[in-house]
file run.cif (mmCIF, C-alpha atoms; chains and numbers go by the auth columns)
data_run
#
loop_
_atom_site.group_PDB
_atom_site.id
_atom_site.type_symbol
_atom_site.label_atom_id
_atom_site.label_comp_id
_atom_site.label_asym_id
_atom_site.label_seq_id
_atom_site.Cartn_x
_atom_site.Cartn_y
_atom_site.Cartn_z
_atom_site.B_iso_or_equiv
_atom_site.auth_seq_id
_atom_site.auth_asym_id
ATOM 1 C CA MET A 1 8.850 -21.938 -26.139 0.00 38 A
ATOM 2 C CA VAL A 2 10.217 -25.460 -25.878 0.00 39 A
ATOM 3 C CA SER A 3 9.059 -28.076 -23.429 0.00 40 A
ATOM 4 C CA PHE A 4 10.040 -31.665 -22.764 0.00 41 A
ATOM 5 C CA ARG A 5 9.181 -34.340 -20.267 0.00 42 A
ATOM 6 C CA LEU A 6 11.458 -35.622 -17.547 0.00 43 A
ATOM 7 C CA SER A 7 11.034 -38.624 -15.335 0.00 44 A
ATOM 8 C CA PRO A 8 11.111 -37.849 -11.604 0.00 45 A
ATOM 9 C CA GLU A 9 14.643 -39.277 -11.488 0.00 46 A
ATOM 10 C CA GLU A 10 15.786 -37.125 -14.404 0.00 47 A
ATOM 11 C CA TYR A 11 14.218 -34.051 -12.818 0.00 48 A
ATOM 12 C CA GLU A 12 16.123 -34.652 -9.579 0.00 49 A
ATOM 13 C CA ARG A 13 19.389 -35.158 -11.481 0.00 50 A
ATOM 14 C CA PHE A 14 18.921 -31.988 -13.531 0.00 51 A
ATOM 15 C CA HIS A 15 17.837 -30.035 -10.472 0.00 52 A
ATOM 16 C CA ALA A 16 21.046 -31.097 -8.674 0.00 53 A
ATOM 17 C CA LEU A 17 23.034 -30.191 -11.786 0.00 54 A
ATOM 18 C CA CYS A 18 21.484 -26.723 -11.739 0.00 55 A
ATOM 19 C CA ALA A 19 22.814 -26.157 -8.243 0.00 56 A
ATOM 20 C CA SER A 20 26.287 -27.442 -9.095 0.00 57 A
ATOM 21 C CA GLN A 21 26.480 -25.313 -12.275 0.00 58 A
ATOM 22 C CA GLY A 22 25.040 -22.173 -10.707 0.00 59 A
ATOM 23 C CA ALA A 23 21.950 -22.151 -12.929 0.00 60 A
ATOM 24 C CA ARG A 24 18.886 -20.561 -11.366 0.00 61 A
ATOM 25 C CA THR A 25 16.391 -22.808 -13.135 0.00 62 A
ATOM 26 C CA LEU A 26 16.171 -25.848 -15.377 0.00 63 A
ATOM 27 C CA SER A 27 15.372 -23.459 -18.225 0.00 64 A
ATOM 28 C CA ASP A 28 18.643 -21.607 -17.655 0.00 65 A
ATOM 29 C CA LEU A 29 20.550 -24.875 -17.582 0.00 66 A
ATOM 30 C CA ALA A 30 18.912 -26.112 -20.802 0.00 67 A
ATOM 31 C CA ARG A 31 19.471 -22.775 -22.537 0.00 68 A
ATOM 32 C CA THR A 32 23.165 -22.750 -21.558 0.00 69 A
ATOM 33 C CA GLY A 33 23.586 -26.333 -22.757 0.00 70 A
ATOM 34 C CA LEU A 34 22.007 -25.562 -26.103 0.00 71 A
ATOM 35 C CA TYR A 35 24.185 -22.503 -26.606 0.00 72 A
ATOM 36 C CA ARG A 36 27.279 -24.577 -25.859 0.00 73 A
ATOM 37 C CA LEU A 37 26.226 -27.100 -28.484 0.00 74 A
ATOM 38 C CA ILE A 38 25.546 -24.355 -31.008 0.00 75 A
ATOM 39 C CA ASP A 39 28.879 -22.658 -30.293 0.00 76 A
ATOM 40 C CA GLY A 40 30.726 -25.944 -30.701 0.00 77 A
ATOM 41 C CA GLU A 41 31.856 -26.249 -27.090 0.00 78 A
ATOM 42 C CA GLY A 42 30.028 -29.537 -26.726 0.00 79 A
ATOM 43 C CA GLN A 43 30.896 -32.231 -29.183 0.00 80 A
ATOM 44 C CA VAL A 44 27.784 -34.259 -29.897 0.00 81 A
ATOM 45 C CA ASP A 45 28.410 -37.731 -31.210 0.00 82 A
ATOM 46 C CA SER A 46 26.874 -41.144 -30.843 0.00 83 A
ATOM 47 C CA LEU A 47 29.346 -42.128 -28.126 0.00 84 A
ATOM 48 C CA SER A 48 28.213 -39.204 -25.975 0.00 85 A
ATOM 49 C CA PHE A 49 24.611 -40.311 -26.290 0.00 86 A
ATOM 50 C CA GLU A 50 25.513 -43.915 -25.482 0.00 87 A
ATOM 51 C CA VAL A 51 27.478 -42.871 -22.399 0.00 88 A
ATOM 52 C CA GLY A 52 24.573 -40.700 -21.305 0.00 89 A
ATOM 53 C CA ASP A 53 22.206 -43.613 -21.722 0.00 90 A
ATOM 54 C CA LEU A 54 24.486 -45.878 -19.701 0.00 91 A
ATOM 55 C CA ARG A 55 24.655 -43.267 -16.936 0.00 92 A
ATOM 56 C CA LYS A 56 20.861 -43.157 -16.793 0.00 93 A
ATOM 57 C CA GLN A 57 20.690 -46.924 -16.551 0.00 94 A
ATOM 58 C CA VAL A 58 23.309 -47.098 -13.789 0.00 95 A
ATOM 59 C CA TYR A 59 21.527 -44.325 -11.889 0.00 96 A
ATOM 60 C CA SER A 60 18.228 -46.182 -12.214 0.00 97 A
ATOM 61 C CA ILE A 61 19.778 -49.435 -10.998 0.00 98 A
ATOM 62 C CA ALA A 62 21.392 -47.654 -8.044 0.00 99 A
ATOM 63 C CA GLU A 63 18.041 -46.155 -7.047 0.00 100 A
ATOM 64 C CA LYS A 64 16.378 -49.571 -7.230 0.00 101 A
ATOM 65 C CA ILE A 65 19.107 -51.082 -5.076 0.00 102 A
ATOM 66 C CA ASP A 66 18.643 -48.296 -2.525 0.00 103 A
ATOM 67 C CA ARG A 67 14.887 -48.925 -2.431 0.00 104 A
ATOM 68 C CA LEU A 68 15.365 -52.677 -2.060 0.00 105 A
ATOM 69 C CA SER A 69 17.943 -52.139 0.654 0.00 106 A
ATOM 70 C CA GLY A 70 15.521 -49.862 2.505 0.00 107 A
ATOM 71 C CA SER A 71 12.746 -52.427 2.170 0.00 108 A
ATOM 72 C CA LEU A 72 14.972 -55.160 3.554 0.00 109 A
ATOM 73 C CA SER A 73 16.014 -52.977 6.469 0.00 110 A
ATOM 74 C CA MET A 74 12.365 -52.258 7.254 0.00 111 A
ATOM 75 C CA ARG A 75 11.531 -55.974 7.169 0.00 112 A
ATOM 76 C CA LYS A 76 14.381 -56.801 9.540 0.00 113 A
ATOM 77 C CA THR A 77 13.235 -54.077 11.925 0.00 114 A
ATOM 78 C CA VAL A 78 9.585 -55.140 11.822 0.00 115 A
ATOM 79 C CA GLY A 79 10.305 -58.872 11.740 0.00 116 A
ATOM 80 C CA GLY A 80 12.739 -58.774 14.611 0.00 117 A
#
call {"tool": "encode", "arguments": {"input": "run.cif", "output": "structure tokens"}}
result
Amino acid sequence: MVSFRLSPEEYERFHALCASQGARTLSDLARTGLYRLIDGEGQVDSLSFEVGDLRKQVYSIAEKIDRLSGSLSMRKTVGG
């Protein structure tokens, strides 16, 4: 058995990926990904990791912008 931690944002992203890839569970998605790496279908290199990290950062920034935008909208509504 293998386990790993996900942030709430990562969980939501992986959960959405499950649906788009037809995986029933996160475990199925992870298992499929690992098999692809083992079989050589996925090329793992430092650039891939860097791009993945940049995607996480952009996603995080986008979520923060959405929250700030929502907060500002609420203030305008409440403040008149």
call {"tool": "closest_residue", "arguments": {"input": "run.cif", "among": "A:Ser40, A:Glu46, A:Gly70, A:Phe51", "to": "Ala99 of chain A", "atoms": "only C-alpha atoms"}}
result
A:Glu46
call {"tool": "atom_distance", "arguments": {"input": "run.cif", "atom1": "atom CA of Gly89 of chain A", "atom2": "atom CA of His52 of chain A"}}
result
16.6 Å
call {"tool": "atom_distance", "arguments": {"input": "run.cif", "atom1": "atom CA of Ala67 of chain A", "atom2": "atom CA of Asp90 of chain A"}}
result
17.8 Å
call {"tool": "atom_distance", "arguments": {"input": "run.cif", "atom1": "atom CA of Asp76 of chain A", "atom2": "atom CA of Glu49 of chain A"}}
result
27.1 Å
call {"tool": "residues_around", "arguments": {"input": "run.cif", "residues": "Val39 of chain A", "least_positions_apart": "3", "cutoff": "12 Å", "atoms": "only C-alpha atoms", "output": "compact mmCIF listing (two decimals) with C-alpha atoms, in the coordinates of the input"}}
result
# COMPACT_ATOMS: atom_id res chain seq x y z
CA ARG A 42 9.18 -34.34 -20.27
CA SER A 64 15.37 -23.46 -18.23
CA ALA A 67 18.91 -26.11 -20.80
CA ARG A 68 19.47 -22.78 -22.54
CA LEU A 71 22.01 -25.56 -26.10
call {"tool": "closest_residue", "arguments": {"input": "run.cif", "among": "A:Thr69, A:Ile102, A:Gly107, A:Arg112", "to": "Cys55 of chain A", "atoms": "all atoms listed in the file"}}
result
A:Thr69
